[in-house]
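Here the structure comes first, spelled out in structure tokens, and everything after it is commentary.
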Amino acid sequence: MPLSPRVSDLTSFDLLLSVARLGSVGAAARAHDITQPAASSRLSHLERKLGLRLLDRSPRGSRLTEHGALVADWAREAVEAAAAMDAGVLSLRDGAHSRLRVAASLTVAEYLLPHWLVALQTTASDAAVALTAGNSDDVAQAVLDDRADLGFVEGPQIPRGLSGQRIARDELTVIVARGHPWARRRSGITPEELAATPLVSRERGSGTRRYLERAVGARTRTPLAAPLLELPSTTAIKTAVAEGIAPAVLSSLAVAADLANRTVVAVPVQGLDLRRELRMVHIRGRRLLGPALDLCAIARRNGAGAPAHGR
């Protein structure tokens, strides 16, 4: 099936993703090494092609509209796939032999790893990276089965047979639709209320889900209610929450743009510590070499010192 001209210009979608990540058109322009007028022109052209307003522009700057945030979420996978294809084609063209197999949980794959891979290109430009994304259980198993050289997981435990080290800090955030009763609770909710409420959730094996189960269980001594709805992607969960189906608990990395655009509202939980660590894992006793060692160093340097995102 021929590709629609509406989605054929991935460089403009990549620029939109940078606006979402960096918070302004000017910052995105600098990241792409173009002028701000050029960046604004590209984004305006993209809006005309899509027939949607993607940015709210004001004298104080620009931010993504609700439509813009959704388009950015949908574009992320396509842009990352194009970057992976470009790296693969480059390695074939140049006859490179450095191939790095990476498996990552969805949070890391969507919000952290793309920036690390860009940095990797400056230190190991001949490295061809093959990336797979899944839940933390799938990632750990891929490393154990030697289908991946490195894994990035969200779960609270390192599986037997793997070595792990912290590469970033994160914090889970309870989100609800703007019209949900919890959105008006300035003092937040109790852990018991959270435990008793069926949520929109990822499938079993998700590191986020396992961490939440452990945190709430340790605080209330009661298990979480069965999910109202299980969905396979962060974008699908955020859409379900915004439509008022039920609350959800997601990484602060995943909901930052949605909170800024007020498509959803964050709800504090009284006395519940939802901070967590994201970890890199590899086969125990196996020495990291070449691009794997470089990527590990980049992840530690750019992730470990980052402050947790607040609710």
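Residues are referred to by chain and number: the chain letter is A, B, ... according to the order shown in the structure tokens, the number counts from 1 in that chain, and ligands are numbered separately from 1 in the order shown.
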Considering only C-alpha atoms, return as a list in words whatever protein or nucleic-acid residues lie within 9 Å of segment 7-14 of chain A, sequence-local ones (same chain, fewer than 2 positions apart) excluded.
-> Leu3, Ser4, Pro5, Leu16, Leu17, Ser18, Val19, Ala39, Arg42, Leu43, His45, Leu46, Lys49, Leu50, Val71, Ala72, Ala75, Arg76, Ala78, Val79, Glu80 and Ala82 of chain A
Please produce an output containing N, CA and C atoms for each residue in the selection, written as a compact mmCIF listing (two decimals), in the first residue's frame.
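This went into selection.txt:
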# COMPACT_ATOMS: atom_id res chain seq x y z
N LEU A 3 2.47 4.77 0.78
CA LEU A 3 2.47 5.59 1.99
C LEU A 3 1.82 6.93 1.72
N SER A 4 0.93 7.35 2.62
CA SER A 4 0.24 8.64 2.46
C SER A 4 1.24 9.79 2.53
N PRO A 5 1.07 10.81 1.69
CA PRO A 5 1.97 11.98 1.76
C PRO A 5 1.88 12.72 3.09
N LEU A 16 8.93 17.52 15.73
CA LEU A 16 7.81 17.63 16.66
C LEU A 16 8.12 16.86 17.96
N LEU A 17 8.72 15.70 17.84
CA LEU A 17 9.11 14.93 19.02
C LEU A 17 10.12 15.71 19.87
N SER A 18 11.01 16.43 19.23
CA SER A 18 11.98 17.23 19.97
C SER A 18 11.30 18.38 20.70
N VAL A 19 10.28 18.97 20.10
CA VAL A 19 9.52 20.01 20.80
C VAL A 19 8.86 19.42 22.04
N ALA A 39 12.59 25.88 11.77
CA ALA A 39 11.85 24.87 12.53
C ALA A 39 10.36 25.21 12.56
N ARG A 42 8.79 24.40 9.19
CA ARG A 42 8.58 22.96 8.99
C ARG A 42 7.36 22.47 9.77
N LEU A 43 7.21 22.94 10.99
CA LEU A 43 6.09 22.50 11.82
C LEU A 43 4.77 23.04 11.28
N HIS A 45 4.17 23.68 8.13
CA HIS A 45 3.91 22.87 6.93
C HIS A 45 3.33 21.52 7.33
N LEU A 46 3.85 20.92 8.42
CA LEU A 46 3.32 19.64 8.89
C LEU A 46 1.86 19.78 9.32
N LYS A 49 -0.32 19.88 6.25
CA LYS A 49 -0.45 18.57 5.62
C LYS A 49 -1.40 17.66 6.39
N LEU A 50 -1.33 17.72 7.72
CA LEU A 50 -2.17 16.85 8.54
C LEU A 50 -3.58 17.42 8.72
N VAL A 71 -0.26 12.98 18.21
CA VAL A 71 0.52 12.75 16.98
C VAL A 71 1.98 12.44 17.34
N ALA A 72 2.53 13.15 18.32
CA ALA A 72 3.92 12.90 18.72
C ALA A 72 4.07 11.48 19.26
N ALA A 75 3.97 9.14 16.36
CA ALA A 75 5.12 9.27 15.47
C ALA A 75 6.38 8.65 16.05
N ARG A 76 6.44 8.54 17.39
CA ARG A 76 7.69 8.12 18.02
C ARG A 76 8.19 6.78 17.49
N ALA A 78 7.53 5.27 14.66
CA ALA A 78 7.94 5.35 13.26
C ALA A 78 9.30 6.02 13.12
N VAL A 79 9.53 7.09 13.88
CA VAL A 79 10.80 7.80 13.80
C VAL A 79 11.94 6.92 14.31
N GLU A 80 11.70 6.22 15.42
CA GLU A 80 12.73 5.33 15.95
C GLU A 80 13.01 4.18 14.99
N ALA A 82 12.68 4.33 11.75
CA ALA A 82 13.46 4.90 10.64
C ALA A 82 14.91 5.09 11.03
Compile the contact shell of Ala266 of chain A as a PyMOL selection string: residues with an atom at most 7 Å away, counting only C-alpha atoms, same-chain residues fewer than 3 positions apart removed.
-> chain A and resi 173-176+311
Residue contacts of Pro227 of chain A (9 Å, only C-alpha atoms) excluding same-chain residues fewer than 6 positions away, as a VMD selection string = chain A and resid 197 to 202
Tell me which protein, DNA and RNA residues are within 7 Å of Ser251 of chain A, counting only C-alpha atoms, leaving out same-chain ones fewer than 2 positions away, and put them as a ChimeraX atom specification.
-> /A:170-173,253-255
Take the residues just selected and output them with C-alpha atoms as an mmCIF file, in the first residue's frame.
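Printed below is out.cif as written:
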data_model
loop_
_atom_site.group_PDB
_atom_site.id
_atom_site.type_symbol
_atom_site.label_atom_id
_atom_site.label_comp_id
_atom_site.auth_asym_id
_atom_site.auth_seq_id
_atom_site.Cartn_x
_atom_site.Cartn_y
_atom_site.Cartn_z
ATOM 1 C CA ASP A 170 12.149 7.500 37.818
ATOM 2 C CA GLU A 171 8.895 8.021 39.691
ATOM 3 C CA LEU A 172 5.472 6.512 39.084
ATOM 4 C CA THR A 173 2.542 8.900 38.799
ATOM 5 C CA LEU A 253 8.705 10.175 31.911
ATOM 6 C CA ALA A 254 5.684 8.914 29.992
ATOM 7 C CA VAL A 255 3.149 11.442 31.285
#
Sorted by chain and rising residue number, which residues of segment 201-299 of chain A lie within 10 Å of segment 107-116 of chain A, and what are their closest atom pairs and distances in Å to one decimal, counting only C-alpha atoms, as CSV?
residue,atom,partner,partner_atom,distance
A:Gly207,CA,A:Thr107,CA,9.5
A:Thr208,CA,A:Thr107,CA,8.9
A:Ser233,CA,A:Thr107,CA,9.8
A:Thr234,CA,A:Thr107,CA,8.2
A:Leu250,CA,A:Thr107,CA,9.0
A:Ser251,CA,A:Thr107,CA,7.1
A:Ser252,CA,A:Thr107,CA,9.6
A:Leu253,CA,A:Tyr111,CA,6.6
A:Ala254,CA,A:Thr107,CA,6.8
A:Leu278,CA,A:Val108,CA,8.1
A:Arg279,CA,A:Val108,CA,9.6
A:Asp294,CA,A:Trp116,CA,9.9
A:Leu295,CA,A:Trp116,CA,7.0
A:Cys296,CA,A:Trp116,CA,9.2
A:Ala297,CA,A:Trp116,CA,9.7
A:Ile298,CA,A:Trp116,CA,6.3
A:Ala299,CA,A:Trp116,CA,6.3
Close residues, segment 282-287 of chain A itself excluded, 12 Å, only C-alpha atoms, min 2 positions apart in chain, as a PyMOL selection string = chain A and resi 101-104+139-153+158-165+279-280+289-290+292-293+296
Distance in Å - atom CA of Leu106 of chain A versus atom CA of Leu228 of chain A | 21.0 Å
Run DSSP on the backbone of this structure and report the residues of segment 132-182 of chain A it assigns to helix (DSSP H, G or I), as a PyMOL selection string.
-> chain A and resi 136-144+181-182
Serialized selection, N, CA, C and O atoms, as a compact mmCIF listing (two decimals), in the first residue's frame:
# COMPACT_ATOMS: atom_id res chain seq x y z
N SER A 136 9.39 -5.88 31.08
CA SER A 136 10.67 -6.17 31.74
C SER A 136 10.97 -7.66 31.78
O SER A 136 12.13 -8.07 31.67
N ASP A 137 9.94 -8.50 31.95
CA ASP A 137 10.16 -9.95 31.92
C ASP A 137 10.69 -10.40 30.57
O ASP A 137 11.61 -11.23 30.49
N ASP A 138 10.10 -9.88 29.50
CA ASP A 138 10.54 -10.24 28.15
C ASP A 138 11.99 -9.81 27.91
O ASP A 138 12.78 -10.52 27.28
N VAL A 139 12.33 -8.61 28.41
CA VAL A 139 13.69 -8.10 28.23
C VAL A 139 14.70 -8.99 28.94
O VAL A 139 15.73 -9.38 28.37
N ALA A 140 14.42 -9.33 30.20
CA ALA A 140 15.33 -10.18 30.96
C ALA A 140 15.51 -11.53 30.28
O ALA A 140 16.63 -12.05 30.18
N GLN A 141 14.42 -12.09 29.76
CA GLN A 141 14.51 -13.39 29.11
C GLN A 141 15.31 -13.31 27.82
O GLN A 141 16.05 -14.24 27.47
N ALA A 142 15.17 -12.21 27.09
CA ALA A 142 15.94 -12.04 25.86
C ALA A 142 17.43 -12.02 26.15
O ALA A 142 18.24 -12.61 25.39
N VAL A 143 17.84 -11.37 27.24
CA VAL A 143 19.26 -11.35 27.61
C VAL A 143 19.72 -12.74 28.05
O VAL A 143 20.78 -13.22 27.65
N LEU A 144 18.91 -13.41 28.87
CA LEU A 144 19.26 -14.75 29.33
C LEU A 144 19.37 -15.74 28.17
O LEU A 144 20.20 -16.65 28.19
N PRO A 181 -13.29 12.40 39.94
CA PRO A 181 -13.36 12.96 41.29
C PRO A 181 -12.01 13.15 41.96
O PRO A 181 -11.82 14.10 42.73
N TRP A 182 -11.06 12.27 41.69
CA TRP A 182 -9.73 12.41 42.30
C TRP A 182 -9.02 13.67 41.85
O TRP A 182 -8.12 14.16 42.55
Any idea what's packed within 10 Å of segment 216-222 of chain A, counting only C-alpha atoms, ignoring anything in its chain fewer than 3 positions away? Could you give it as a PyMOL selection string?
-> chain A and resi 190-196+211-213+225+271-274
Backbone DSSP call of strand (DSSP E or B) for segment 204-305 of chain A, listed as a ChimeraX atom specification = /A:229-230,248-251,265-267,269,275-283
Select, from A:Leu70, A:Val265, A:Ile34, A:Leu259, the residue with the minimum atom-to-atom distance to Ala236 of chain A, counting only C-alpha atoms.
->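 Nearest to Ala236 of chain A: A:Leu70.
Among the candidates A:Glu47, A:Asp33, A:Ser41, A:Glu77, the one nearest to Thr65 of chain A when counting only C-alpha atoms is A:Glu47.
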Please indicate the distance in Å from atom CA of Gln36 of chain A to atom CA of Trp74 of chain A, rounded to one decimal place.
->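 Interatomic distance, atom CA of Gln36 of chain A to atom CA of Trp74 of chain A: 24.1 Å.
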Could you check which of A:Ser105, A:Gln157, A:Gln121, A:Thr235 is closest to Ala83 of chain A, using only C-alpha atoms?
->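 Once distances to Ala83 of chain A are computed over only C-alpha atoms, the minimum belongs to A:Gln121.
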